[in-house]
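Colleague: My structure is stored as my_file34.pdb, with PDB, N, CA and C atoms.
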```pdb
MODEL        1
ATOM      1  N   MET R 424     159.246  -8.508 226.677
ATOM      2  CA  MET R 424     160.018  -9.215 227.675
ATOM      3  C   MET R 424     160.771 -10.363 227.056
ATOM      4  N   ASN R 425     161.550 -10.059 226.105
ATOM      5  CA  ASN R 425     162.327 -11.072 225.423
ATOM      6  C   ASN R 425     163.764 -10.991 225.927
ATOM      7  N   ASN R 426     163.987 -11.435 227.164
ATOM      8  CA  ASN R 426     165.321 -11.397 227.762
ATOM      9  C   ASN R 426     166.110 -12.641 227.350
ATOM     10  N   PRO R 427     167.295 -12.459 226.828
ATOM     11  CA  PRO R 427     168.087 -13.635 226.442
ATOM     12  C   PRO R 427     168.656 -14.328 227.685
ATOM     13  N   THR R 428     168.698 -15.671 227.603
ATOM     14  CA  THR R 428     169.266 -16.449 228.701
ATOM     15  C   THR R 428     170.783 -16.526 228.527
ATOM     16  N   THR R 429     171.421 -17.032 229.551
ATOM     17  CA  THR R 429     172.878 -17.174 229.500
ATOM     18  C   THR R 429     173.286 -18.115 228.368
ATOM     19  N   TYR R 430     172.507 -19.169 228.166
ATOM     20  CA  TYR R 430     172.837 -20.124 227.104
ATOM     21  C   TYR R 430     172.763 -19.471 225.726
ATOM     22  N   THR R 431     171.737 -18.714 225.489
ATOM     23  CA  THR R 431     171.619 -18.085 224.172
ATOM     24  C   THR R 431     172.726 -17.048 223.963
ATOM     25  N   LEU R 432     173.144 -16.390 225.040
ATOM     26  CA  LEU R 432     174.265 -15.451 224.909
ATOM     27  C   LEU R 432     175.559 -16.185 224.569
ATOM     28  N   LEU R 433     175.785 -17.344 225.213
ATOM     29  CA  LEU R 433     176.991 -18.126 224.936
ATOM     30  C   LEU R 433     176.992 -18.677 223.514
ATOM     31  N   VAL R 434     175.864 -19.181 223.074
ATOM     32  CA  VAL R 434     175.783 -19.745 221.725
ATOM     33  C   VAL R 434     175.960 -18.645 220.686
ATOM     34  N   GLY R 435     175.386 -17.483 220.941
ATOM     35  CA  GLY R 435     175.509 -16.393 219.995
ATOM     36  C   GLY R 435     176.906 -15.822 219.915
ATOM     37  N   SER R 436     177.658 -15.923 221.015
ATOM     38  CA  SER R 436     178.998 -15.345 221.024
ATOM     39  C   SER R 436     180.091 -16.365 220.707
ATOM     40  N   GLU R 437     179.684 -17.580 220.319
ATOM     41  CA  GLU R 437     180.666 -18.631 220.040
ATOM     42  C   GLU R 437     181.505 -18.254 218.818
ATOM     43  N   GLU R 438     182.791 -18.483 218.947
ATOM     44  CA  GLU R 438     183.691 -18.184 217.837
ATOM     45  C   GLU R 438     183.470 -19.194 216.718
ATOM     46  N   LYS R 439     183.309 -18.700 215.529
ATOM     47  CA  LYS R 439     182.992 -19.581 214.396
ATOM     48  C   LYS R 439     184.215 -20.365 213.934
ATOM     49  N   GLY R 440     185.398 -19.782 214.020
ATOM     50  CA  GLY R 440     186.594 -20.476 213.570
ATOM     51  C   GLY R 440     187.106 -21.490 214.572
ATOM     52  N   ARG R 441     186.578 -21.458 215.785
ATOM     53  CA  ARG R 441     187.046 -22.368 216.822
ATOM     54  C   ARG R 441     186.591 -23.793 216.576
ATOM     55  N   ASN R 442     185.440 -23.969 215.947
ATOM     56  CA  ASN R 442     184.920 -25.316 215.703
ATOM     57  C   ASN R 442     185.867 -26.134 214.844
ATOM     58  N   LEU R 443     186.409 -25.534 213.824
ATOM     59  CA  LEU R 443     187.336 -26.235 212.946
ATOM     60  C   LEU R 443     188.617 -26.588 213.693
ATOM     61  N   LEU R 444     189.106 -25.673 214.514
ATOM     62  CA  LEU R 444     190.317 -25.937 215.289
ATOM     63  C   LEU R 444     190.091 -27.039 216.315
ATOM     64  N   GLU R 445     188.961 -27.005 216.993
ATOM     65  CA  GLU R 445     188.656 -28.058 217.971
ATOM     66  C   GLU R 445     188.552 -29.418 217.293
ATOM     67  N   THR R 446     187.938 -29.457 216.134
ATOM     68  CA  THR R 446     187.819 -30.717 215.405
ATOM     69  C   THR R 446     189.197 -31.240 215.016
ATOM     70  N   ALA R 447     190.079 -30.359 214.583
ATOM     71  CA  ALA R 447     191.432 -30.772 214.206
ATOM     72  C   ALA R 447     192.207 -31.278 215.419
ATOM     73  N   VAL R 448     192.071 -30.602 216.561
ATOM     74  CA  VAL R 448     192.791 -31.032 217.769
ATOM     75  C   VAL R 448     192.278 -32.384 218.244
ATOM     76  N   TYR R 449     190.959 -32.581 218.256
ATOM     77  CA  TYR R 449     190.406 -33.871 218.660
ATOM     78  C   TYR R 449     190.853 -34.978 217.705
ATOM     79  N   ALA R 450     190.889 -34.697 216.423
ATOM     80  CA  ALA R 450     191.318 -35.702 215.450
ATOM     81  C   ALA R 450     192.780 -36.087 215.658
ATOM     82  N   VAL R 451     193.627 -35.103 215.939
ATOM     83  CA  VAL R 451     195.044 -35.396 216.175
ATOM     84  C   VAL R 451     195.216 -36.219 217.449
ATOM     85  N   CYS R 452     194.458 -35.900 218.495
ATOM     86  CA  CYS R 452     194.556 -36.672 219.747
ATOM     87  C   CYS R 452     194.128 -38.123 219.537
ATOM     88  N   ILE R 453     193.036 -38.320 218.855
ATOM     89  CA  ILE R 453     192.548 -39.678 218.600
ATOM     90  C   ILE R 453     193.523 -40.430 217.701
ATOM     91  N   LEU R 454     194.030 -39.762 216.681
ATOM     92  CA  LEU R 454     194.983 -40.401 215.774
ATOM     93  C   LEU R 454     196.272 -40.778 216.501
ATOM     94  N   SER R 455     196.749 -39.919 217.390
ATOM     95  CA  SER R 455     197.980 -40.242 218.124
ATOM     96  C   SER R 455     197.775 -41.425 219.064
ATOM     97  N   ALA R 456     196.599 -41.534 219.672
ATOM     98  CA  ALA R 456     196.323 -42.687 220.527
ATOM     99  C   ALA R 456     196.280 -43.970 219.707
ATOM    100  N   ILE R 457     195.681 -43.907 218.534
ATOM    101  CA  ILE R 457     195.618 -45.092 217.668
ATOM    102  C   ILE R 457     197.015 -45.497 217.210
ATOM    103  N   VAL R 458     197.844 -44.535 216.854
ATOM    104  CA  VAL R 458     199.210 -44.841 216.423
ATOM    105  C   VAL R 458     200.022 -45.442 217.567
ATOM    106  N   ALA R 459     199.853 -44.931 218.790
ATOM    107  CA  ALA R 459     200.591 -45.476 219.937
ATOM    108  C   ALA R 459     200.180 -46.919 220.210
ATOM    109  N   ILE R 460     198.907 -47.208 220.140
ATOM    110  CA  ILE R 460     198.441 -48.585 220.338
ATOM    111  C   ILE R 460     198.954 -49.483 219.223
ATOM    112  N   TRP R 461     198.943 -48.991 217.994
ATOM    113  CA  TRP R 461     199.430 -49.779 216.855
ATOM    114  C   TRP R 461     200.914 -50.084 216.998
ATOM    115  N   GLN R 462     201.703 -49.101 217.425
ATOM    116  CA  GLN R 462     203.139 -49.332 217.613
ATOM    117  C   GLN R 462     203.392 -50.354 218.709
ATOM    118  N   PHE R 463     202.625 -50.285 219.786
ATOM    119  CA  PHE R 463     202.801 -51.249 220.875
ATOM    120  C   PHE R 463     202.403 -52.650 220.423
ATOM    121  N   ALA R 464     201.361 -52.750 219.623
ATOM    122  CA  ALA R 464     200.895 -54.066 219.183
ATOM    123  C   ALA R 464     201.890 -54.721 218.226
ATOM    124  N   TRP R 465     202.587 -53.953 217.419
ATOM    125  CA  TRP R 465     203.515 -54.513 216.445
ATOM    126  C   TRP R 465     204.960 -54.531 216.922
ATOM    127  N   GLN R 466     205.194 -54.205 218.184
ATOM    128  CA  GLN R 466     206.550 -54.232 218.728
ATOM    129  C   GLN R 466     206.994 -55.686 218.877
ATOM    130  N   PRO R 467     208.180 -56.030 218.380
ATOM    131  CA  PRO R 467     208.624 -57.425 218.491
ATOM    132  C   PRO R 467     208.955 -57.780 219.937
ATOM    133  N   ASN R 468     208.731 -59.030 220.260
ATOM    134  CA  ASN R 468     209.034 -59.527 221.592
ATOM    135  C   ASN R 468     210.504 -59.938 221.614
ATOM    136  N   PRO R 469     211.358 -59.270 222.397
ATOM    137  CA  PRO R 469     212.782 -59.576 222.347
ATOM    138  C   PRO R 469     213.133 -60.959 222.875
ATOM    139  N   VAL R 470     212.483 -61.435 223.924
ATOM    140  CA  VAL R 470     212.784 -62.748 224.491
ATOM    141  C   VAL R 470     211.470 -63.494 224.704
ATOM    142  N   PRO R 471     211.260 -64.592 224.009
ATOM    143  CA  PRO R 471     210.047 -65.373 224.252
ATOM    144  C   PRO R 471     210.030 -65.906 225.686
ATOM    145  N   PRO R 472     208.878 -65.978 226.318
ATOM    146  CA  PRO R 472     208.817 -66.416 227.714
ATOM    147  C   PRO R 472     209.352 -67.824 227.943
ATOM    148  N   GLY R 473     209.283 -68.710 226.975
ATOM    149  CA  GLY R 473     209.766 -70.077 227.152
ATOM    150  C   GLY R 473     211.279 -70.184 227.160
ATOM    151  N   GLU R 474     211.974 -69.152 226.695
ATOM    152  CA  GLU R 474     213.429 -69.206 226.610
ATOM    153  C   GLU R 474     214.131 -68.551 227.797
ATOM    154  N   LEU R 475     213.391 -68.093 228.770
ATOM    155  CA  LEU R 475     214.022 -67.493 229.946
ATOM    156  C   LEU R 475     214.609 -68.592 230.812
ATOM    157  N   THR R 476     215.875 -68.483 231.150
ATOM    158  CA  THR R 476     216.522 -69.472 232.010
ATOM    159  C   THR R 476     217.138 -68.751 233.192
ATOM    160  N   TRP R 477     217.057 -69.363 234.328
ATOM    161  CA  TRP R 477     217.624 -68.812 235.545
ATOM    162  C   TRP R 477     218.634 -69.814 236.094
ATOM    163  N   PRO R 478     219.779 -69.341 236.527
ATOM    164  CA  PRO R 478     220.762 -70.288 237.083
ATOM    165  C   PRO R 478     220.234 -70.884 238.389
ATOM    166  N   SER R 479     220.192 -72.204 238.437
ATOM    167  CA  SER R 479     219.639 -72.864 239.624
ATOM    168  C   SER R 479     220.676 -72.999 240.731
ATOM    169  N   ASP R 480     221.947 -72.861 240.406
ATOM    170  CA  ASP R 480     222.982 -73.030 241.412
ATOM    171  C   ASP R 480     223.540 -71.685 241.890
ATOM    172  N   ALA R 481     222.757 -70.648 241.830
ATOM    173  CA  ALA R 481     223.223 -69.338 242.272
ATOM    174  C   ALA R 481     223.329 -69.331 243.793
ATOM    175  N   THR R 482     224.481 -68.938 244.286
ATOM    176  CA  THR R 482     224.679 -68.889 245.727
ATOM    177  C   THR R 482     224.462 -67.461 246.215
ATOM    178  N   PRO R 483     223.785 -67.307 247.332
ATOM    179  CA  PRO R 483     223.567 -65.955 247.846
ATOM    180  C   PRO R 483     224.861 -65.376 248.401
ATOM    181  N   ARG R 484     225.039 -64.099 248.259
ATOM    182  CA  ARG R 484     226.216 -63.420 248.795
ATOM    183  C   ARG R 484     225.886 -62.899 250.180
ATOM    184  N   VAL R 485     226.640 -63.376 251.142
ATOM    185  CA  VAL R 485     226.391 -63.017 252.528
ATOM    186  C   VAL R 485     227.630 -62.328 253.070
ATOM    187  N   SER R 486     227.430 -61.223 253.732
ATOM    188  CA  SER R 486     228.537 -60.507 254.345
ATOM    189  C   SER R 486     228.668 -60.946 255.798
ATOM    190  N   HIS R 487     229.891 -61.176 256.232
ATOM    191  CA  HIS R 487     230.127 -61.613 257.604
ATOM    192  C   HIS R 487     230.658 -60.481 258.460
ATOM    193  N   HIS R 488     230.513 -59.268 258.018
ATOM    194  CA  HIS R 488     230.976 -58.121 258.782
ATOM    195  C   HIS R 488     229.892 -57.670 259.751
ATOM    196  N   GLN R 489     230.338 -57.135 260.879
ATOM    197  CA  GLN R 489     229.383 -56.603 261.842
ATOM    198  C   GLN R 489     228.867 -55.259 261.346
ATOM    199  N   THR R 490     227.568 -55.100 261.385
ATOM    200  CA  THR R 490     227.003 -53.829 260.953
ATOM    201  C   THR R 490     226.642 -52.933 262.136
ATOM    202  N   SER R 491     226.643 -53.479 263.351
ATOM    203  CA  SER R 491     226.238 -52.678 264.503
ATOM    204  C   SER R 491     227.256 -51.589 264.815
ATOM    205  N   ALA R 492     228.514 -51.739 264.412
ATOM    206  CA  ALA R 492     229.531 -50.712 264.701
ATOM    207  C   ALA R 492     229.293 -49.476 263.859
ATOM    208  N   TYR R 493     228.538 -49.577 262.791
ATOM    209  CA  TYR R 493     228.314 -48.431 261.916
ATOM    210  C   TYR R 493     227.113 -47.594 262.330
ATOM    211  N   TRP R 494     226.298 -48.091 263.220
ATOM    212  CA  TRP R 494     225.129 -47.329 263.665
ATOM    213  C   TRP R 494     225.519 -46.420 264.816
ATOM    214  N   PRO R 495     225.297 -45.125 264.706
ATOM    215  CA  PRO R 495     225.665 -44.237 265.808
ATOM    216  C   PRO R 495     224.749 -44.450 267.014
ATOM    217  N   GLY R 496     225.334 -44.369 268.176
ATOM    218  CA  GLY R 496     224.558 -44.499 269.391
ATOM    219  C   GLY R 496     224.492 -45.905 269.911
ATOM    220  N   LYS R 497     224.893 -46.873 269.133
ATOM    221  CA  LYS R 497     224.889 -48.258 269.596
ATOM    222  C   LYS R 497     226.294 -48.655 269.986
ATOM    223  N   SER R 498     226.375 -49.511 270.979
ATOM    224  CA  SER R 498     227.707 -49.979 271.384
ATOM    225  C   SER R 498     227.872 -51.451 271.150
TER     226      SER R 498
ENDMDL
END
```
For the structure just supplied, provide its representation as structure tokens.

Modeller:
Amino acid sequence: MNNPTTYTLLVGSEEKGRNLLETAVYAVCILSAIVAIWQFAWQPNPVPPGELTWPSDATPRVSHHQTSAYWPGKS
């Protein structure tokens, strides 16, 4: 009564060449994440936060046209 379990069948039928491919794919994924983080960390800051200036005398643009004539159904 030596019946194999599902696990032993899966382990016995595992592809031997797949382990190397899986290891290579995992290594490439991890390496690409590290490179992306490294590129973001070394990206130059185009404008330092202290040099941002906003015009204080900016006037808002206001339209004096009636908008109710453009809505259908309204009079």

Colleague: Can you tell me how far CA of Tyr449 (chain R) sits from atom C of Thr431 (chain R), in Å to one decimal?

Modeller: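 According to the coordinates, CA of Tyr449 (chain R) and atom C of Thr431 (chain R) are separated by 25.0 Å.
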
Colleague: Calculate how many Å separate CA of Ile460 (chain R) from CA of Ala447 (chain R), rounding to one decimal.

Modeller: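 For CA of Ile460 (chain R) relative to CA of Ala447 (chain R), the distance reads 20.1 Å.
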
Colleague: Would you mind reading off the distance between CA of Val448 (chain R) and CA of Ala464 (chain R), one decimal, in Å?

Modeller: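 That distance, rounded to one decimal, is 24.5 Å.
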
Colleague: Provide an axis-aligned box for all listed atoms of region 460-470 of chain R, padding each side by 6 Å; report its centre and its edge lengths in Å to one decimal, as AutoDock Vina command-line options.

Modeller:
```
--center_x 205.8 --center_y -55.4 --center_z 220.6 --size_x 26.7 --size_y 28.3 --size_z 20.3
```

Colleague: Export region 424-467 of chain R, N, CA and C atoms, as a PDB file, in the first residue's frame; it's the structure right above.

Modeller:
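Output below, filename selection_22.pdb:
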```pdb
ATOM      1  N   MET R 424       0.821  -1.191   0.000  1.00  0.00           N
ATOM      2  CA  MET R 424       0.000   0.000   0.000  1.00  0.00           C
ATOM      3  C   MET R 424       0.854   1.240   0.000  1.00  0.00           C
ATOM      4  N   ASN R 425       1.680   1.337  -0.955  1.00  0.00           N
ATOM      5  CA  ASN R 425       2.562   2.478  -1.067  1.00  0.00           C
ATOM      6  C   ASN R 425       2.012   3.405  -2.146  1.00  0.00           C
ATOM      7  N   ASN R 426       0.911   4.092  -1.835  1.00  0.00           N
ATOM      8  CA  ASN R 426       0.282   5.002  -2.792  1.00  0.00           C
ATOM      9  C   ASN R 426       0.958   6.372  -2.727  1.00  0.00           C
ATOM     10  N   PRO R 427       1.385   6.889  -3.849  1.00  0.00           N
ATOM     11  CA  PRO R 427       2.020   8.215  -3.822  1.00  0.00           C
ATOM     12  C   PRO R 427       0.964   9.309  -3.630  1.00  0.00           C
ATOM     13  N   THR R 428       1.366  10.342  -2.866  1.00  0.00           N
ATOM     14  CA  THR R 428       0.472  11.475  -2.647  1.00  0.00           C
ATOM     15  C   THR R 428       0.613  12.457  -3.811  1.00  0.00           C
ATOM     16  N   THR R 429      -0.277  13.416  -3.823  1.00  0.00           N
ATOM     17  CA  THR R 429      -0.237  14.429  -4.879  1.00  0.00           C
ATOM     18  C   THR R 429       1.075  15.209  -4.826  1.00  0.00           C
ATOM     19  N   TYR R 430       1.549  15.486  -3.619  1.00  0.00           N
ATOM     20  CA  TYR R 430       2.800  16.238  -3.483  1.00  0.00           C
ATOM     21  C   TYR R 430       3.981  15.463  -4.060  1.00  0.00           C
ATOM     22  N   THR R 431       4.059  14.203  -3.760  1.00  0.00           N
ATOM     23  CA  THR R 431       5.189  13.428  -4.278  1.00  0.00           C
ATOM     24  C   THR R 431       5.107  13.299  -5.802  1.00  0.00           C
ATOM     25  N   LEU R 432       3.892  13.245  -6.337  1.00  0.00           N
ATOM     26  CA  LEU R 432       3.759  13.213  -7.798  1.00  0.00           C
ATOM     27  C   LEU R 432       4.227  14.525  -8.421  1.00  0.00           C
ATOM     28  N   LEU R 433       3.875  15.656  -7.784  1.00  0.00           N
ATOM     29  CA  LEU R 433       4.296  16.961  -8.299  1.00  0.00           C
ATOM     30  C   LEU R 433       5.808  17.139  -8.215  1.00  0.00           C
ATOM     31  N   VAL R 434       6.390  16.739  -7.109  1.00  0.00           N
ATOM     32  CA  VAL R 434       7.837  16.888  -6.941  1.00  0.00           C
ATOM     33  C   VAL R 434       8.574  15.988  -7.924  1.00  0.00           C
ATOM     34  N   GLY R 435       8.065  14.788  -8.134  1.00  0.00           N
ATOM     35  CA  GLY R 435       8.715  13.876  -9.054  1.00  0.00           C
ATOM     36  C   GLY R 435       8.613  14.306 -10.499  1.00  0.00           C
ATOM     37  N   SER R 436       7.548  15.041 -10.831  1.00  0.00           N
ATOM     38  CA  SER R 436       7.360  15.445 -12.220  1.00  0.00           C
ATOM     39  C   SER R 436       7.880  16.852 -12.511  1.00  0.00           C
ATOM     40  N   GLU R 437       8.561  17.454 -11.528  1.00  0.00           N
ATOM     41  CA  GLU R 437       9.057  18.822 -11.706  1.00  0.00           C
ATOM     42  C   GLU R 437      10.125  18.855 -12.799  1.00  0.00           C
ATOM     43  N   GLU R 438      10.017  19.858 -13.639  1.00  0.00           N
ATOM     44  CA  GLU R 438      10.994  20.007 -14.713  1.00  0.00           C
ATOM     45  C   GLU R 438      12.330  20.446 -14.126  1.00  0.00           C
ATOM     46  N   LYS R 439      13.370  19.769 -14.506  1.00  0.00           N
ATOM     47  CA  LYS R 439      14.690  20.047 -13.925  1.00  0.00           C
ATOM     48  C   LYS R 439      15.291  21.332 -14.484  1.00  0.00           C
ATOM     49  N   GLY R 440      15.032  21.646 -15.740  1.00  0.00           N
ATOM     50  CA  GLY R 440      15.599  22.848 -16.330  1.00  0.00           C
ATOM     51  C   GLY R 440      14.856  24.110 -15.941  1.00  0.00           C
ATOM     52  N   ARG R 441      13.688  23.959 -15.338  1.00  0.00           N
ATOM     53  CA  ARG R 441      12.888  25.120 -14.972  1.00  0.00           C
ATOM     54  C   ARG R 441      13.484  25.875 -13.801  1.00  0.00           C
ATOM     55  N   ASN R 442      14.171  25.180 -12.909  1.00  0.00           N
ATOM     56  CA  ASN R 442      14.748  25.836 -11.734  1.00  0.00           C
ATOM     57  C   ASN R 442      15.750  26.906 -12.126  1.00  0.00           C
ATOM     58  N   LEU R 443      16.578  26.618 -13.088  1.00  0.00           N
ATOM     59  CA  LEU R 443      17.572  27.584 -13.539  1.00  0.00           C
ATOM     60  C   LEU R 443      16.893  28.782 -14.192  1.00  0.00           C
ATOM     61  N   LEU R 444      15.862  28.533 -14.982  1.00  0.00           N
ATOM     62  CA  LEU R 444      15.137  29.625 -15.629  1.00  0.00           C
ATOM     63  C   LEU R 444      14.415  30.494 -14.609  1.00  0.00           C
ATOM     64  N   GLU R 445      13.783  29.874 -13.632  1.00  0.00           N
ATOM     65  CA  GLU R 445      13.097  30.649 -12.589  1.00  0.00           C
ATOM     66  C   GLU R 445      14.086  31.502 -11.806  1.00  0.00           C
ATOM     67  N   THR R 446      15.238  30.950 -11.506  1.00  0.00           N
ATOM     68  CA  THR R 446      16.252  31.709 -10.780  1.00  0.00           C
ATOM     69  C   THR R 446      16.715  32.905 -11.603  1.00  0.00           C
ATOM     70  N   ALA R 447      16.896  32.716 -12.897  1.00  0.00           N
ATOM     71  CA  ALA R 447      17.320  33.815 -13.765  1.00  0.00           C
ATOM     72  C   ALA R 447      16.243  34.892 -13.851  1.00  0.00           C
ATOM     73  N   VAL R 448      14.976  34.486 -13.955  1.00  0.00           N
ATOM     74  CA  VAL R 448      13.886  35.469 -14.045  1.00  0.00           C
ATOM     75  C   VAL R 448      13.767  36.255 -12.746  1.00  0.00           C
ATOM     76  N   TYR R 449      13.843  35.579 -11.600  1.00  0.00           N
ATOM     77  CA  TYR R 449      13.779  36.281 -10.320  1.00  0.00           C
ATOM     78  C   TYR R 449      14.959  37.240 -10.166  1.00  0.00           C
ATOM     79  N   ALA R 450      16.133  36.832 -10.587  1.00  0.00           N
ATOM     80  CA  ALA R 450      17.307  37.700 -10.483  1.00  0.00           C
ATOM     81  C   ALA R 450      17.154  38.945 -11.352  1.00  0.00           C
ATOM     82  N   VAL R 451      16.618  38.777 -12.556  1.00  0.00           N
ATOM     83  CA  VAL R 451      16.418  39.929 -13.440  1.00  0.00           C
ATOM     84  C   VAL R 451      15.375  40.878 -12.855  1.00  0.00           C
ATOM     85  N   CYS R 452      14.307  40.338 -12.276  1.00  0.00           N
ATOM     86  CA  CYS R 452      13.275  41.198 -11.668  1.00  0.00           C
ATOM     87  C   CYS R 452      13.842  41.996 -10.495  1.00  0.00           C
ATOM     88  N   ILE R 453      14.583  41.344  -9.646  1.00  0.00           N
ATOM     89  CA  ILE R 453      15.173  42.027  -8.491  1.00  0.00           C
ATOM     90  C   ILE R 453      16.197  43.058  -8.951  1.00  0.00           C
ATOM     91  N   LEU R 454      17.010  42.696  -9.927  1.00  0.00           N
ATOM     92  CA  LEU R 454      18.015  43.626 -10.441  1.00  0.00           C
ATOM     93  C   LEU R 454      17.363  44.845 -11.089  1.00  0.00           C
ATOM     94  N   SER R 455      16.279  44.642 -11.823  1.00  0.00           N
ATOM     95  CA  SER R 455      15.607  45.785 -12.458  1.00  0.00           C
ATOM     96  C   SER R 455      14.987  46.714 -11.420  1.00  0.00           C
ATOM     97  N   ALA R 456      14.459  46.161 -10.334  1.00  0.00           N
ATOM     98  CA  ALA R 456      13.916  47.009  -9.275  1.00  0.00           C
ATOM     99  C   ALA R 456      15.023  47.817  -8.609  1.00  0.00           C
ATOM    100  N   ILE R 457      16.163  47.195  -8.386  1.00  0.00           N
ATOM    101  CA  ILE R 457      17.290  47.909  -7.772  1.00  0.00           C
ATOM    102  C   ILE R 457      17.791  49.016  -8.694  1.00  0.00           C
ATOM    103  N   VAL R 458      17.879  48.746  -9.982  1.00  0.00           N
ATOM    104  CA  VAL R 458      18.330  49.762 -10.935  1.00  0.00           C
ATOM    105  C   VAL R 458      17.341  50.922 -11.003  1.00  0.00           C
ATOM    106  N   ALA R 459      16.036  50.636 -10.968  1.00  0.00           N
ATOM    107  CA  ALA R 459      15.033  51.707 -11.012  1.00  0.00           C
ATOM    108  C   ALA R 459      15.129  52.591  -9.774  1.00  0.00           C
ATOM    109  N   ILE R 460      15.305  52.000  -8.622  1.00  0.00           N
ATOM    110  CA  ILE R 460      15.459  52.788  -7.393  1.00  0.00           C
ATOM    111  C   ILE R 460      16.741  53.603  -7.445  1.00  0.00           C
ATOM    112  N   TRP R 461      17.816  53.014  -7.947  1.00  0.00           N
ATOM    113  CA  TRP R 461      19.095  53.725  -8.049  1.00  0.00           C
ATOM    114  C   TRP R 461      18.986  54.912  -8.994  1.00  0.00           C
ATOM    115  N   GLN R 462      18.311  54.733 -10.127  1.00  0.00           N
ATOM    116  CA  GLN R 462      18.141  55.842 -11.071  1.00  0.00           C
ATOM    117  C   GLN R 462      17.317  56.964 -10.460  1.00  0.00           C
ATOM    118  N   PHE R 463      16.279  56.612  -9.718  1.00  0.00           N
ATOM    119  CA  PHE R 463      15.449  57.640  -9.083  1.00  0.00           C
ATOM    120  C   PHE R 463      16.238  58.378  -8.005  1.00  0.00           C
ATOM    121  N   ALA R 464      17.069  57.664  -7.275  1.00  0.00           N
ATOM    122  CA  ALA R 464      17.827  58.296  -6.194  1.00  0.00           C
ATOM    123  C   ALA R 464      18.884  59.257  -6.740  1.00  0.00           C
ATOM    124  N   TRP R 465      19.460  58.974  -7.886  1.00  0.00           N
ATOM    125  CA  TRP R 465      20.512  59.817  -8.439  1.00  0.00           C
ATOM    126  C   TRP R 465      20.010  60.818  -9.469  1.00  0.00           C
ATOM    127  N   GLN R 466      18.701  60.932  -9.628  1.00  0.00           N
ATOM    128  CA  GLN R 466      18.138  61.895 -10.572  1.00  0.00           C
ATOM    129  C   GLN R 466      18.332  63.304 -10.013  1.00  0.00           C
ATOM    130  N   PRO R 467      18.861  64.226 -10.814  1.00  0.00           N
ATOM    131  CA  PRO R 467      19.076  65.583 -10.298  1.00  0.00           C
ATOM    132  C   PRO R 467      17.750  66.306 -10.089  1.00  0.00           C
TER     133      PRO R 467
END
```
